$ cat entry_19.tsv   # TSV, C-alpha atoms and all ligand atoms
chain	number	residue	atom	x	y	z
X	1	MET	CA	37.38	-61.64	21.00
X	2	ALA	CA	37.80	-62.09	17.25
X	3	ILE	CA	41.08	-63.99	17.31
X	4	SER	CA	41.68	-67.50	18.61
X	5	THR	CA	42.93	-68.07	22.13
X	6	LYS	CA	45.90	-69.91	20.70
X	7	VAL	CA	46.98	-67.10	18.38
X	8	LYS	CA	46.38	-64.61	21.18
X	9	GLY	CA	48.76	-66.62	23.37
X	10	SER	CA	51.37	-66.71	20.60
X	11	LEU	CA	51.09	-62.98	20.05
X	12	GLU	CA	51.57	-62.34	23.74
X	13	SER	CA	54.63	-64.55	23.98
X	14	ALA	CA	55.70	-62.40	21.00
X	15	SER	CA	58.95	-62.81	19.18
X	16	TRP	CA	61.93	-61.10	20.77
X	17	ILE	CA	63.25	-60.28	17.33
X	18	ARG	CA	60.05	-58.44	16.50
X	19	LYS	CA	60.08	-56.69	19.88
X	20	MET	CA	63.65	-55.46	19.41
X	21	PHE	CA	62.87	-54.45	15.87
X	22	GLU	CA	59.93	-52.34	17.05
X	23	GLU	CA	61.94	-50.74	19.86
X	24	GLY	CA	64.62	-50.01	17.28
X	25	GLU	CA	62.13	-48.20	15.06
X	26	GLU	CA	61.20	-45.98	18.01
X	27	MET	CA	64.88	-45.32	18.80
X	28	LYS	CA	65.56	-44.43	15.19
X	29	ARG	CA	62.71	-41.95	15.30
X	30	LEU	CA	64.22	-40.34	18.39
X	31	HIS	CA	67.93	-40.40	17.50
X	32	GLY	CA	67.95	-40.66	13.70
X	33	ASP	CA	68.70	-43.79	11.65
X	34	LYS	CA	72.44	-43.25	11.58
X	35	ASN	CA	72.74	-43.11	15.35
X	36	VAL	CA	71.13	-46.47	16.05
X	37	PHE	CA	73.15	-49.68	15.53
X	38	ASP	CA	70.57	-52.26	14.61
X	39	PHE	CA	71.65	-55.93	14.73
X	40	SER	CA	68.20	-57.31	15.52
X	41	LEU	CA	67.01	-58.65	12.20
X	42	GLY	CA	68.77	-61.10	9.87
X	43	ASN	CA	67.92	-59.34	6.64
X	44	PRO	CA	70.50	-59.91	3.84
X	45	ASP	CA	71.93	-56.51	2.94
X	46	LEU	CA	73.56	-57.39	-0.38
X	47	GLU	CA	71.98	-56.95	-3.78
X	48	PRO	CA	71.29	-60.11	-5.83
X	49	PRO	CA	74.10	-61.14	-8.26
X	50	SER	CA	74.18	-59.16	-11.52
X	51	LEU	CA	73.17	-62.26	-13.50
X	52	PHE	CA	69.84	-62.20	-11.67
X	53	LYS	CA	69.11	-58.69	-12.93
X	54	LYS	CA	70.24	-59.59	-16.43
X	55	LYS	CA	67.91	-62.59	-16.56
X	56	LEU	CA	65.06	-60.57	-15.08
X	57	LYS	CA	65.45	-57.91	-17.73
X	58	ALA	CA	65.72	-60.50	-20.51
X	59	LEU	CA	62.50	-62.14	-19.34
X	60	ALA	CA	60.67	-58.81	-19.13
X	61	ASP	CA	61.87	-57.91	-22.64
X	62	ALA	CA	60.95	-61.29	-24.14
X	63	PRO	CA	58.11	-62.72	-22.04
X	64	ILE	CA	57.20	-66.38	-22.41
X	65	SER	CA	53.60	-66.95	-23.36
X	66	GLY	CA	51.55	-68.11	-20.36
X	67	MET	CA	54.29	-67.34	-17.86
X	68	HIS	CA	51.87	-65.83	-15.34
X	69	ARG	CA	49.40	-68.72	-15.32
X	70	TYR	CA	48.79	-71.51	-12.82
X	71	MET	CA	51.24	-74.38	-13.01
X	72	PRO	CA	51.72	-77.79	-11.35
X	73	ASN	CA	51.76	-77.40	-7.56
X	74	SER	CA	55.32	-78.78	-7.44
X	75	GLY	CA	56.61	-75.99	-9.72
X	76	TYR	CA	58.02	-75.79	-13.24
X	77	SER	CA	59.71	-78.97	-14.35
X	78	GLU	CA	62.64	-77.00	-15.93
X	79	THR	CA	63.41	-75.38	-12.58
X	80	ARG	CA	63.13	-78.63	-10.66
X	81	LYS	CA	65.35	-80.30	-13.22
X	82	ALA	CA	67.98	-77.55	-12.95
X	83	ILE	CA	68.03	-77.99	-9.16
X	84	ALA	CA	68.12	-81.78	-9.39
X	85	ASP	CA	71.07	-81.59	-11.83
X	86	TYR	CA	72.92	-79.37	-9.41
X	87	ILE	CA	72.32	-81.78	-6.50
X	88	VAL	CA	73.43	-84.74	-8.64
X	89	GLU	CA	76.70	-82.88	-9.25
X	90	GLU	CA	77.04	-82.25	-5.53
X	91	THR	CA	76.18	-85.74	-4.27
X	92	GLY	CA	76.44	-88.24	-7.13
X	93	LEU	CA	72.98	-89.47	-6.11
X	94	PRO	CA	70.25	-90.08	-8.71
X	95	PHE	CA	68.13	-86.96	-8.09
X	96	THR	CA	65.61	-86.01	-10.76
X	97	GLU	CA	62.97	-83.30	-11.00
X	98	HIS	CA	60.62	-85.76	-9.28
X	99	HIS	CA	62.53	-85.30	-6.01
X	100	ILE	CA	62.17	-81.52	-5.93
X	101	VAL	CA	59.23	-79.38	-4.84
X	102	MET	CA	59.45	-75.61	-5.32
X	103	THR	CA	58.33	-73.70	-2.21
X	104	VAL	CA	57.54	-70.26	-0.88
X	105	GLY	CA	60.94	-69.84	0.74
X	106	ALA	CA	62.43	-72.18	3.32
X	107	ALA	CA	59.60	-71.20	5.66
X	108	GLY	CA	57.04	-72.49	3.16
X	109	GLY	CA	59.18	-75.61	2.70
X	110	LEU	CA	59.25	-76.37	6.43
X	111	ASN	CA	55.50	-75.92	6.68
X	112	ILE	CA	54.76	-78.35	3.85
X	113	ILE	CA	57.15	-80.91	5.30
X	114	PHE	CA	55.47	-80.83	8.70
X	115	LYS	CA	52.01	-80.90	7.11
X	116	ALA	CA	53.08	-83.93	5.07
X	117	ILE	CA	54.63	-85.99	7.86
X	118	LEU	CA	53.01	-85.07	11.18
X	119	ASP	CA	49.91	-86.48	12.80
X	120	ARG	CA	48.53	-84.70	15.85
X	121	GLY	CA	50.88	-85.17	18.79
X	122	ASP	CA	53.86	-86.35	16.71
X	123	GLU	CA	57.16	-84.92	17.82
X	124	VAL	CA	60.01	-83.14	16.06
X	125	ILE	CA	63.34	-83.03	17.87
X	126	VAL	CA	65.12	-79.69	17.58
X	127	PRO	CA	68.58	-78.94	19.00
X	128	SER	CA	68.59	-75.69	20.96
X	129	PRO	CA	69.37	-72.78	20.56
X	130	TYR	CA	67.07	-72.70	17.56
X	131	PHE	CA	65.14	-70.48	15.16
X	132	MET	CA	61.98	-69.71	17.14
X	133	GLU	CA	59.63	-69.88	14.16
X	134	TYR	CA	60.09	-73.68	14.16
X	135	ARG	CA	57.85	-73.86	17.19
X	136	PHE	CA	54.98	-72.27	15.26
X	137	TYR	CA	55.55	-74.20	12.04
X	138	ILE	CA	55.44	-77.52	13.91
X	139	ASP	CA	52.41	-76.44	15.89
X	140	ASN	CA	50.64	-75.31	12.69
X	141	CYS	CA	50.60	-78.97	11.69
X	142	GLY	CA	49.50	-80.40	15.04
X	143	GLY	CA	53.03	-81.48	15.99
X	144	VAL	CA	55.00	-80.92	19.16
X	145	ILE	CA	58.50	-79.48	19.28
X	146	ARG	CA	60.91	-81.43	21.50
X	147	LEU	CA	63.97	-79.34	22.33
X	148	VAL	CA	67.30	-80.95	23.12
X	149	GLU	CA	70.46	-79.36	24.44
X	150	THR	CA	73.57	-78.93	22.34
X	151	HIS	CA	77.12	-79.04	23.73
X	152	GLU	CA	78.88	-75.96	25.11
X	153	ASP	CA	80.26	-75.23	21.61
X	154	PHE	CA	76.72	-75.73	20.15
X	155	SER	CA	77.70	-78.96	18.42
X	156	LEU	CA	75.12	-81.76	18.29
X	157	ASN	CA	74.58	-83.64	21.54
X	158	LEU	CA	73.79	-87.12	20.26
X	159	THR	CA	73.15	-88.52	23.72
X	160	ALA	CA	70.48	-85.88	24.30
X	161	ILE	CA	68.94	-86.66	20.88
X	162	GLU	CA	68.96	-90.39	21.60
X	163	LYS	CA	67.23	-89.86	24.95
X	164	ALA	CA	64.52	-87.71	23.37
X	165	ILE	CA	63.49	-90.31	20.77
X	166	HIS	CA	60.35	-92.36	21.36
X	167	GLU	CA	57.37	-93.78	19.42
X	168	LYS	CA	56.00	-90.33	18.62
X	169	THR	CA	59.25	-89.04	17.09
X	170	LYS	CA	58.79	-88.32	13.39
X	171	ALA	CA	61.80	-86.16	12.60
X	172	VAL	CA	64.95	-84.47	13.79
X	173	LEU	CA	65.22	-80.93	12.48
X	174	ILE	CA	68.72	-79.59	12.17
X	175	ASN	CA	69.94	-76.26	10.90
X	176	SER	CA	73.51	-75.88	9.69
X	177	PRO	CA	74.94	-73.23	9.26
X	178	ASN	CA	72.89	-72.37	12.29
X	179	ASN	CA	70.71	-69.44	13.21
X	180	PRO	CA	71.49	-68.10	15.86
X	181	THR	CA	75.00	-69.54	16.43
X	182	GLY	CA	76.59	-69.64	12.96
X	183	VAL	CA	77.88	-73.13	13.83
X	184	ILE	CA	78.28	-75.84	11.16
X	185	TYR	CA	77.82	-79.46	12.23
X	186	ASP	CA	80.83	-81.54	11.28
X	187	VAL	CA	80.66	-84.60	9.08
X	188	GLU	CA	81.47	-87.03	11.92
X	189	SER	CA	78.55	-85.88	14.05
X	190	LEU	CA	76.21	-86.09	11.06
X	191	LYS	CA	77.34	-89.62	10.26
X	192	LYS	CA	76.74	-90.58	13.87
X	193	LEU	CA	73.34	-88.93	13.79
X	194	GLY	CA	72.52	-90.97	10.67
X	195	SER	CA	73.54	-94.24	12.37
X	196	LEU	CA	71.63	-93.33	15.51
X	197	LEU	CA	68.43	-92.60	13.58
X	198	GLU	CA	68.80	-95.79	11.58
X	199	LYS	CA	69.06	-97.79	14.80
X	200	LYS	CA	66.25	-95.92	16.55
X	201	SER	CA	63.90	-96.12	13.55
X	202	GLN	CA	64.29	-99.93	13.71
X	203	GLU	CA	63.70	-99.92	17.43
X	204	ILE	CA	60.50	-97.86	17.41
X	205	GLY	CA	59.26	-99.43	14.18
X	206	GLN	CA	58.82	-96.11	12.47
X	207	ARG	CA	61.00	-94.11	10.13
X	208	ILE	CA	62.53	-90.97	11.65
X	209	HIS	CA	63.44	-88.42	8.99
X	210	ILE	CA	66.09	-85.75	9.12
X	211	VAL	CA	64.76	-82.38	8.06
X	212	SER	CA	67.84	-80.39	7.14
X	213	ASP	CA	67.18	-76.66	7.16
X	214	GLU	CA	69.91	-75.32	4.90
X	215	ALA	CA	68.65	-71.75	4.56
X	216	TYR	CA	72.29	-70.57	4.93
X	217	ARG	CA	73.91	-73.39	2.97
X	218	ARG	CA	76.03	-71.14	0.75
X	219	LEU	CA	77.06	-68.71	3.50
X	220	VAL	CA	80.03	-70.78	4.65
X	221	PHE	CA	83.43	-69.38	5.67
X	222	ASP	CA	87.06	-70.45	6.10
X	223	LYS	CA	86.92	-72.56	2.89
X	224	ILE	CA	84.87	-75.15	4.75
X	225	SER	CA	82.71	-77.37	2.60
X	226	LEU	CA	79.31	-78.03	4.08
X	227	PRO	CA	78.82	-81.75	4.79
X	228	ASN	CA	76.09	-83.21	2.65
X	229	LEU	CA	73.48	-85.03	4.68
X	230	PHE	CA	72.08	-86.89	1.69
X	231	GLN	CA	75.31	-88.88	1.73
X	232	HIS	CA	74.99	-89.82	5.39
X	233	TYR	CA	71.32	-90.57	5.90
X	234	PRO	CA	69.00	-91.74	3.12
X	235	HIS	CA	65.85	-90.47	4.80
X	236	THR	CA	66.76	-86.82	4.50
X	237	LEU	CA	64.72	-83.88	3.31
X	238	ARG	CA	66.67	-80.75	2.48
X	239	VAL	CA	64.83	-77.48	2.76
X	240	THR	CA	66.46	-74.33	1.55
X	241	SER	CA	65.83	-71.10	-0.28
X	242	HIS	CA	67.48	-68.32	-2.21
X	243	SER	CA	66.69	-65.75	0.48
X	244	LYS	CA	70.28	-65.61	1.67
X	245	ASP	CA	72.51	-66.98	-1.10
X	246	LEU	CA	70.94	-64.82	-3.83
X	247	SER	CA	69.64	-62.09	-1.46
X	248	LEU	CA	66.05	-62.73	-2.57
X	249	ALA	CA	64.40	-62.91	0.86
X	250	GLY	CA	61.40	-60.79	-0.16
X	251	GLU	CA	60.78	-62.85	-3.30
X	252	ARG	CA	59.97	-66.01	-1.34
X	253	ILE	CA	61.61	-68.70	-3.42
X	254	GLY	CA	62.97	-72.00	-2.13
X	255	TYR	CA	62.68	-75.75	-2.51
X	256	VAL	CA	62.46	-79.07	-0.73
X	257	ALA	CA	64.61	-81.92	-2.04
X	258	VAL	CA	63.74	-85.45	-0.97
X	259	SER	CA	66.51	-88.02	-1.15
X	260	PRO	CA	65.95	-90.60	-3.91
X	261	LEU	CA	67.13	-93.15	-1.33
X	262	CYS	CA	64.29	-92.27	1.03
X	263	GLU	CA	61.68	-94.93	1.77
X	264	GLU	CA	58.44	-94.19	-0.09
X	265	THR	CA	59.91	-91.20	-1.92
X	266	GLU	CA	57.02	-90.96	-4.36
X	267	GLU	CA	54.38	-90.91	-1.66
X	268	LEU	CA	56.34	-88.36	0.34
X	269	VAL	CA	56.72	-86.03	-2.63
X	270	SER	CA	53.02	-86.35	-3.45
X	271	ALA	CA	52.21	-85.38	0.15
X	272	LEU	CA	54.50	-82.33	-0.07
X	273	VAL	CA	52.89	-81.20	-3.32
X	274	PHE	CA	49.43	-81.67	-1.81
X	275	ALA	CA	50.48	-79.64	1.27
X	276	ASN	CA	51.77	-76.83	-0.98
X	277	ARG	CA	48.31	-76.71	-2.51
X	278	ILE	CA	46.15	-76.90	0.58
X	279	LEU	CA	48.20	-74.61	2.80
X	280	GLY	CA	47.32	-71.96	0.27
X	281	PHE	CA	50.77	-71.47	-1.23
X	282	VAL	CA	49.47	-73.30	-4.35
X	283	ASN	CA	52.89	-72.95	-5.98
X	284	ALA	CA	56.12	-71.02	-5.51
X	285	PRO	CA	56.30	-67.61	-7.29
X	286	ALA	CA	56.36	-68.18	-11.04
X	287	LEU	CA	58.75	-65.44	-12.09
X	288	MET	CA	61.31	-66.39	-9.46
X	289	GLN	CA	61.19	-70.04	-10.49
X	290	ARG	CA	62.16	-69.04	-14.04
X	291	LEU	CA	65.06	-66.95	-12.76
X	292	VAL	CA	66.60	-69.21	-10.14
X	293	ALA	CA	66.69	-72.10	-12.61
X	294	ALA	CA	69.60	-70.32	-14.27
X	295	LEU	CA	71.30	-69.34	-11.01
X	296	GLN	CA	71.93	-72.62	-9.22
X	297	ARG	CA	75.69	-72.17	-9.45
X	298	ASN	CA	75.67	-68.51	-8.39
X	299	SER	CA	75.62	-66.75	-5.08
X	300	VAL	CA	76.34	-63.42	-3.47
X	301	ASP	CA	79.94	-62.72	-2.49
X	302	VAL	CA	80.28	-64.68	0.74
X	303	ARG	CA	83.51	-62.86	1.62
X	304	TYR	CA	81.35	-59.82	2.34
X	305	TYR	CA	79.86	-61.62	5.34
X	306	GLU	CA	83.10	-63.38	6.24
X	307	GLU	CA	84.96	-60.06	6.54
X	308	LYS	CA	82.29	-58.79	8.88
X	309	ARG	CA	82.42	-61.97	10.92
X	310	ASP	CA	86.18	-61.43	11.30
X	311	LEU	CA	85.91	-57.76	12.20
X	312	PHE	CA	83.13	-58.27	14.75
X	313	TYR	CA	84.40	-61.52	16.26
X	314	ASP	CA	87.96	-60.23	16.71
X	315	ALA	CA	86.80	-56.97	18.28
X	316	LEU	CA	84.34	-58.59	20.70
X	317	ARG	CA	86.90	-61.21	21.73
X	318	SER	CA	89.43	-58.46	22.37
X	319	TYR	CA	86.93	-56.80	24.74
X	320	GLY	CA	86.58	-60.10	26.62
X	321	TYR	CA	83.27	-61.48	25.27
X	322	GLN	CA	83.07	-65.28	25.07
X	323	ILE	CA	81.91	-66.45	21.64
X	324	VAL	CA	81.97	-69.68	19.67
X	325	LYS	CA	83.50	-68.63	16.35
X	326	PRO	CA	80.81	-68.90	13.69
X	327	GLN	CA	81.68	-70.71	10.47
X	328	GLY	CA	78.72	-69.53	8.45
X	329	ALA	CA	75.42	-67.58	8.23
X	330	PHE	CA	75.59	-63.97	9.51
X	331	TYR	CA	75.12	-64.25	13.24
X	332	LEU	CA	77.22	-64.13	16.40
X	333	PHE	CA	75.87	-65.65	19.60
X	334	PRO	CA	78.10	-64.51	22.48
X	335	LYS	CA	77.57	-65.26	26.16
X	336	THR	CA	76.21	-62.40	28.22
X	337	PRO	CA	78.57	-61.44	31.06
X	338	ILE	CA	75.59	-61.54	33.46
X	339	GLU	CA	72.97	-64.24	33.74
X	340	ASP	CA	70.08	-61.98	32.76
X	341	ASP	CA	70.30	-61.68	28.98
X	342	VAL	CA	67.34	-59.26	28.83
X	343	ALA	CA	69.02	-56.87	31.28
X	344	PHE	CA	72.26	-57.14	29.31
X	345	VAL	CA	70.53	-56.41	26.02
X	346	LYS	CA	68.99	-53.34	27.70
X	347	ASP	CA	72.50	-52.19	28.64
X	348	LEU	CA	73.51	-52.40	25.02
X	349	GLN	CA	70.34	-50.55	24.10
X	350	SER	CA	71.43	-47.66	26.32
X	351	LYS	CA	74.36	-47.37	23.86
X	352	ARG	CA	71.84	-47.42	21.00
X	353	ILE	CA	72.83	-50.99	20.07
X	354	LEU	CA	70.03	-53.42	19.24
X	355	THR	CA	70.54	-57.15	19.66
X	356	VAL	CA	68.22	-60.02	20.66
X	357	PRO	CA	68.32	-61.84	24.02
X	358	GLY	CA	69.29	-65.52	23.83
X	359	ARG	CA	66.00	-66.56	25.40
X	360	GLY	CA	64.43	-65.57	22.08
X	361	PHE	CA	66.21	-68.68	20.74
X	362	GLY	CA	65.67	-70.92	23.75
X	363	LYS	CA	69.08	-70.10	25.25
X	364	PRO	CA	69.16	-67.46	27.99
X	365	GLY	CA	72.58	-66.17	29.04
X	366	HIS	CA	73.48	-65.32	25.44
X	367	PHE	CA	72.59	-62.66	22.90
X	368	ARG	CA	72.33	-62.70	19.13
X	369	ILE	CA	73.94	-60.22	16.79
X	370	ALA	CA	72.82	-60.23	13.13
X	371	TYR	CA	75.71	-58.63	11.24
X	372	SER	CA	74.11	-58.46	7.79
X	373	VAL	CA	74.60	-54.69	7.94
X	374	ASP	CA	76.96	-52.11	6.56
X	375	LYS	CA	80.50	-52.23	7.98
X	376	LYS	CA	80.03	-48.67	9.26
X	377	VAL	CA	77.22	-49.85	11.56
X	378	ILE	CA	79.57	-52.42	13.10
X	379	GLU	CA	82.38	-49.88	13.49
X	380	GLY	CA	79.97	-47.37	15.02
X	381	ALA	CA	78.75	-49.90	17.58
X	382	LEU	CA	82.12	-51.26	18.74
X	383	PRO	CA	82.83	-48.50	21.32
X	384	GLY	CA	79.43	-49.21	22.92
X	385	PHE	CA	80.16	-52.97	23.10
X	386	LYS	CA	83.51	-52.11	24.71
X	387	GLU	CA	81.98	-49.80	27.32
X	388	VAL	CA	79.39	-52.40	28.32
X	389	ALA	CA	82.12	-55.06	28.53
X	390	GLU	CA	84.10	-52.77	30.84
X	391	LYS	CA	81.04	-52.12	32.99
X	392	TYR	CA	80.90	-55.87	33.73
X	393	GLY	CA	84.64	-56.20	34.25
X	394	LEU	CA	85.31	-58.34	31.16
X	395	LYS	CA	89.03	-58.64	30.65
X	396	GLY	CA	90.15	-57.54	27.22
X	397	ARG	CA	93.08	-59.16	25.45
Q	401	LIG	C1	67.13	-70.97	10.23
Q	401	LIG	C2	66.16	-70.39	9.27
Q	401	LIG	N1	65.35	-71.20	8.60
Q	401	LIG	C3	64.42	-70.73	7.73
Q	401	LIG	C4	64.31	-69.38	7.51
Q	401	LIG	C5	63.28	-68.90	6.53
Q	401	LIG	O1	63.89	-68.51	5.36
Q	401	LIG	P1	63.05	-68.07	4.07
Q	401	LIG	O2	63.22	-66.59	3.94
Q	401	LIG	O3	63.69	-68.77	2.95
Q	401	LIG	O4	61.66	-68.48	4.28
Q	401	LIG	C6	65.14	-68.48	8.17
Q	401	LIG	C7	65.01	-67.04	7.96
Q	401	LIG	O5	65.66	-66.21	8.52
Q	401	LIG	C8	66.09	-69.00	9.09
Q	401	LIG	O6	66.90	-68.20	9.77
$ encode --input "entry_19.tsv" --output "structure tokens"
Amino acid sequence: MAISTKVKGSLESASWIRKMFEEGEEMKRLHGDKNVFDFSLGNPDLEPPSLFKKKLKALADAPISGMHRYMPNSGYSETRKAIADYIVEETGLPFTEHHIVMTVGAAGGLNIIFKAILDRGDEVIVPSPYFMEYRFYIDNCGGVIRLVETHEDFSLNLTAIEKAIHEKTKAVLINSPNNPTGVIYDVESLKKLGSLLEKKSQEIGQRIHIVSDEAYRRLVFDKISLPNLFQHYPHTLRVTSHSKDLSLAGERIGYVAVSPLCEETEELVSALVFANRILGFVNAPALMQRLVAALQRNSVDVRYYEEKRDLFYDALRSYGYQIVKPQGAFYLFPKTPIEDDVAFVKDLQSKRILTVPGRGFGKPGHFRIAYSVDKKVIEGALPGFKEVAEKYGLKGR
């Protein structure tokens, strides 16, 4: 066997998202693309803002000498400075370019954080349901994922977090707006989380960091403003990217920002930069760094996703599905009317609707819908959702 036992095991426990995606490809081959309603993959379906294209063209027309060469592993200082300036505006905290490391998307950012902070056997607490890739990222760096329950409405369960903390705890990883639920953690719960971690860090004699995965930070609805963790816990690392807010998922550009109020900030940043180098990323894509520097105050039109959230949520509720109303990202995470989420997802599949069972996110009894698709796909799928609801006797409104 050429591959490692560990990777073989991971491949076999395969991602549900990938599995549904592959089944979808087969269905599309059989029924034609238009007749399959694919909500399996969270792939942003908007084009980047026009300013992005303008800047790209300008750069191609007037290239900067040396722009394709190696650079510092942390990224271009102009880009880091542009990001730091933006975060200063947001938080009033003294961020500088020295607190920012450019990364290969949020995924690259998470990997360098875990490489930088975890020793073998160290634990990262993750509220569930959660983005399954976390398990692999933590494991890549010798760490152990420690899942904790959230409340019925997917808000943070601080008692569960408190119980899970012990001497091996290095970080709590939170994701808001959340994949798969679309939930945003409110400011009160984040303040309480900050106080809890302060107290617990003292108790165990080791600093517990918050890793704040903000991959969807700009996809926020209902005029809500996303609470800023930097203001509530000094030992916070923000990891984000422009995959969703600028629709640049394939370009792999993101950053990690370390709070200037963090203990040992300099050492932490040096460790992140070193991890960028030795994990083989070396640095974030050069061309993208140049472009996003000028786009920190831009994003795709969030109303596009909000309108779809409204259309989908209202329709599913009217058929009797139980759903926590998402406040951001582009996912719905309804309860399945039967316990077996895989069987339920198969029912939807018989209507040519592709979704992902909740167990793919550590939460059976639910299913995830990624609605980053054309409105027509949603409209085409609604009769199928209604028929399946009726089959299970859900009471419409
Ligand atoms: C919660 C969450 N974190 C991180 C990522 C990775 O994002 P990126 O494309 O920036 O690596 C994703 C991608 O879907 C995600 O859903």
$ residues_around --input "entry_19.tsv" --residues "stretch 109-111 of chain X" --least-positions-apart "5" --cutoff "8 Å" --atoms "all atoms listed in the file" --output "PDB file with C-alpha atoms, in the frame of the given file"
ATOM      1  CA  THR X 103      58.330 -73.700  -2.210  1.00  0.00           C
ATOM      2  CA  VAL X 104      57.540 -70.260  -0.880  1.00  0.00           C
ATOM      3  CA  TYR X 137      55.550 -74.200  12.040  1.00  0.00           C
ATOM      4  CA  ILE X 138      55.440 -77.520  13.910  1.00  0.00           C
ATOM      5  CA  ASN X 140      50.640 -75.310  12.690  1.00  0.00           C
ATOM      6  CA  CYS X 141      50.600 -78.970  11.690  1.00  0.00           C
ATOM      7  CA  ASP X 213      67.180 -76.660   7.160  1.00  0.00           C
ATOM      8  CA  VAL X 239      64.830 -77.480   2.760  1.00  0.00           C
ATOM      9  CA  THR X 240      66.460 -74.330   1.550  1.00  0.00           C
ATOM     10  CA  GLY X 254      62.970 -72.000  -2.130  1.00  0.00           C
ATOM     11  CA  TYR X 255      62.680 -75.750  -2.510  1.00  0.00           C
ATOM     12  CA  VAL X 256      62.460 -79.070  -0.730  1.00  0.00           C
TER      13      VAL X 256
END
$ atom_distance --input "entry_19.tsv" --atom1 "atom CA of X:Gly42" --atom2 "atom CA of X:Lys375"
14.8 Å
$ closest_residue --input "entry_19.tsv" --among "X:Met288, X:Val324, X:Val300, X:Leu279" --to "X:Ile184" --atoms "only C-alpha atoms"
X:Val324
$ closest_residue --input "entry_19.tsv" --among "X:Ile323, X:Leu311, X:Ala2, X:Ala293" --to "X:Thr79" --atoms "only C-alpha atoms"
X:Ala293
$ closest_residue --input "entry_19.tsv" --among "X:Leu248, X:Met67, X:Ile353, X:Leu316" --to "ligand LIG 401 (chain Q)" --atoms "all atoms listed in the file"
X:Leu248
$ build_atoms --input "entry_19.tsv" --residues "stretch 184-195 of chain X" --atoms "N, CA, C and O atoms" --output "PDB file, keeping the file's coordinate frame"
ATOM      1  N   ILE X 184      78.518 -74.812  12.188  1.00  0.00           N
ATOM      2  CA  ILE X 184      78.280 -75.840  11.160  1.00  0.00           C
ATOM      3  C   ILE X 184      78.537 -77.194  11.803  1.00  0.00           C
ATOM      4  O   ILE X 184      79.570 -77.384  12.449  1.00  0.00           O
ATOM      5  N   TYR X 185      77.624 -78.128  11.648  1.00  0.00           N
ATOM      6  CA  TYR X 185      77.820 -79.460  12.230  1.00  0.00           C
ATOM      7  C   TYR X 185      78.822 -80.228  11.385  1.00  0.00           C
ATOM      8  O   TYR X 185      78.702 -80.253  10.154  1.00  0.00           O
ATOM      9  N   ASP X 186      79.794 -80.870  12.057  1.00  0.00           N
ATOM     10  CA  ASP X 186      80.830 -81.540  11.280  1.00  0.00           C
ATOM     11  C   ASP X 186      80.343 -82.904  10.766  1.00  0.00           C
ATOM     12  O   ASP X 186      79.342 -83.445  11.233  1.00  0.00           O
ATOM     13  N   VAL X 187      81.099 -83.402   9.783  1.00  0.00           N
ATOM     14  CA  VAL X 187      80.660 -84.600   9.080  1.00  0.00           C
ATOM     15  C   VAL X 187      80.561 -85.804  10.029  1.00  0.00           C
ATOM     16  O   VAL X 187      79.642 -86.622   9.925  1.00  0.00           O
ATOM     17  N   GLU X 188      81.490 -85.887  11.001  1.00  0.00           N
ATOM     18  CA  GLU X 188      81.470 -87.030  11.920  1.00  0.00           C
ATOM     19  C   GLU X 188      80.177 -87.068  12.712  1.00  0.00           C
ATOM     20  O   GLU X 188      79.552 -88.121  12.873  1.00  0.00           O
ATOM     21  N   SER X 189      79.767 -85.888  13.224  1.00  0.00           N
ATOM     22  CA  SER X 189      78.550 -85.880  14.050  1.00  0.00           C
ATOM     23  C   SER X 189      77.320 -86.195  13.190  1.00  0.00           C
ATOM     24  O   SER X 189      76.380 -86.842  13.645  1.00  0.00           O
ATOM     25  N   LEU X 190      77.359 -85.801  11.920  1.00  0.00           N
ATOM     26  CA  LEU X 190      76.210 -86.090  11.060  1.00  0.00           C
ATOM     27  C   LEU X 190      76.140 -87.578  10.709  1.00  0.00           C
ATOM     28  O   LEU X 190      75.055 -88.175  10.652  1.00  0.00           O
ATOM     29  N   LYS X 191      77.322 -88.166  10.517  1.00  0.00           N
ATOM     30  CA  LYS X 191      77.340 -89.620  10.260  1.00  0.00           C
ATOM     31  C   LYS X 191      76.785 -90.366  11.467  1.00  0.00           C
ATOM     32  O   LYS X 191      76.001 -91.305  11.339  1.00  0.00           O
ATOM     33  N   LYS X 192      77.218 -89.924  12.652  1.00  0.00           N
ATOM     34  CA  LYS X 192      76.740 -90.580  13.870  1.00  0.00           C
ATOM     35  C   LYS X 192      75.245 -90.374  14.043  1.00  0.00           C
ATOM     36  O   LYS X 192      74.525 -91.277  14.473  1.00  0.00           O
ATOM     37  N   LEU X 193      74.780 -89.190  13.697  1.00  0.00           N
ATOM     38  CA  LEU X 193      73.340 -88.930  13.790  1.00  0.00           C
ATOM     39  C   LEU X 193      72.592 -89.879  12.861  1.00  0.00           C
ATOM     40  O   LEU X 193      71.566 -90.470  13.233  1.00  0.00           O
ATOM     41  N   GLY X 194      73.127 -90.046  11.636  1.00  0.00           N
ATOM     42  CA  GLY X 194      72.520 -90.970  10.670  1.00  0.00           C
ATOM     43  C   GLY X 194      72.433 -92.384  11.250  1.00  0.00           C
ATOM     44  O   GLY X 194      71.368 -93.015  11.208  1.00  0.00           O
ATOM     45  N   SER X 195      73.547 -92.871  11.819  1.00  0.00           N
ATOM     46  CA  SER X 195      73.540 -94.240  12.370  1.00  0.00           C
ATOM     47  C   SER X 195      72.553 -94.350  13.528  1.00  0.00           C
ATOM     48  O   SER X 195      71.835 -95.350  13.653  1.00  0.00           O
TER      49      SER X 195
END
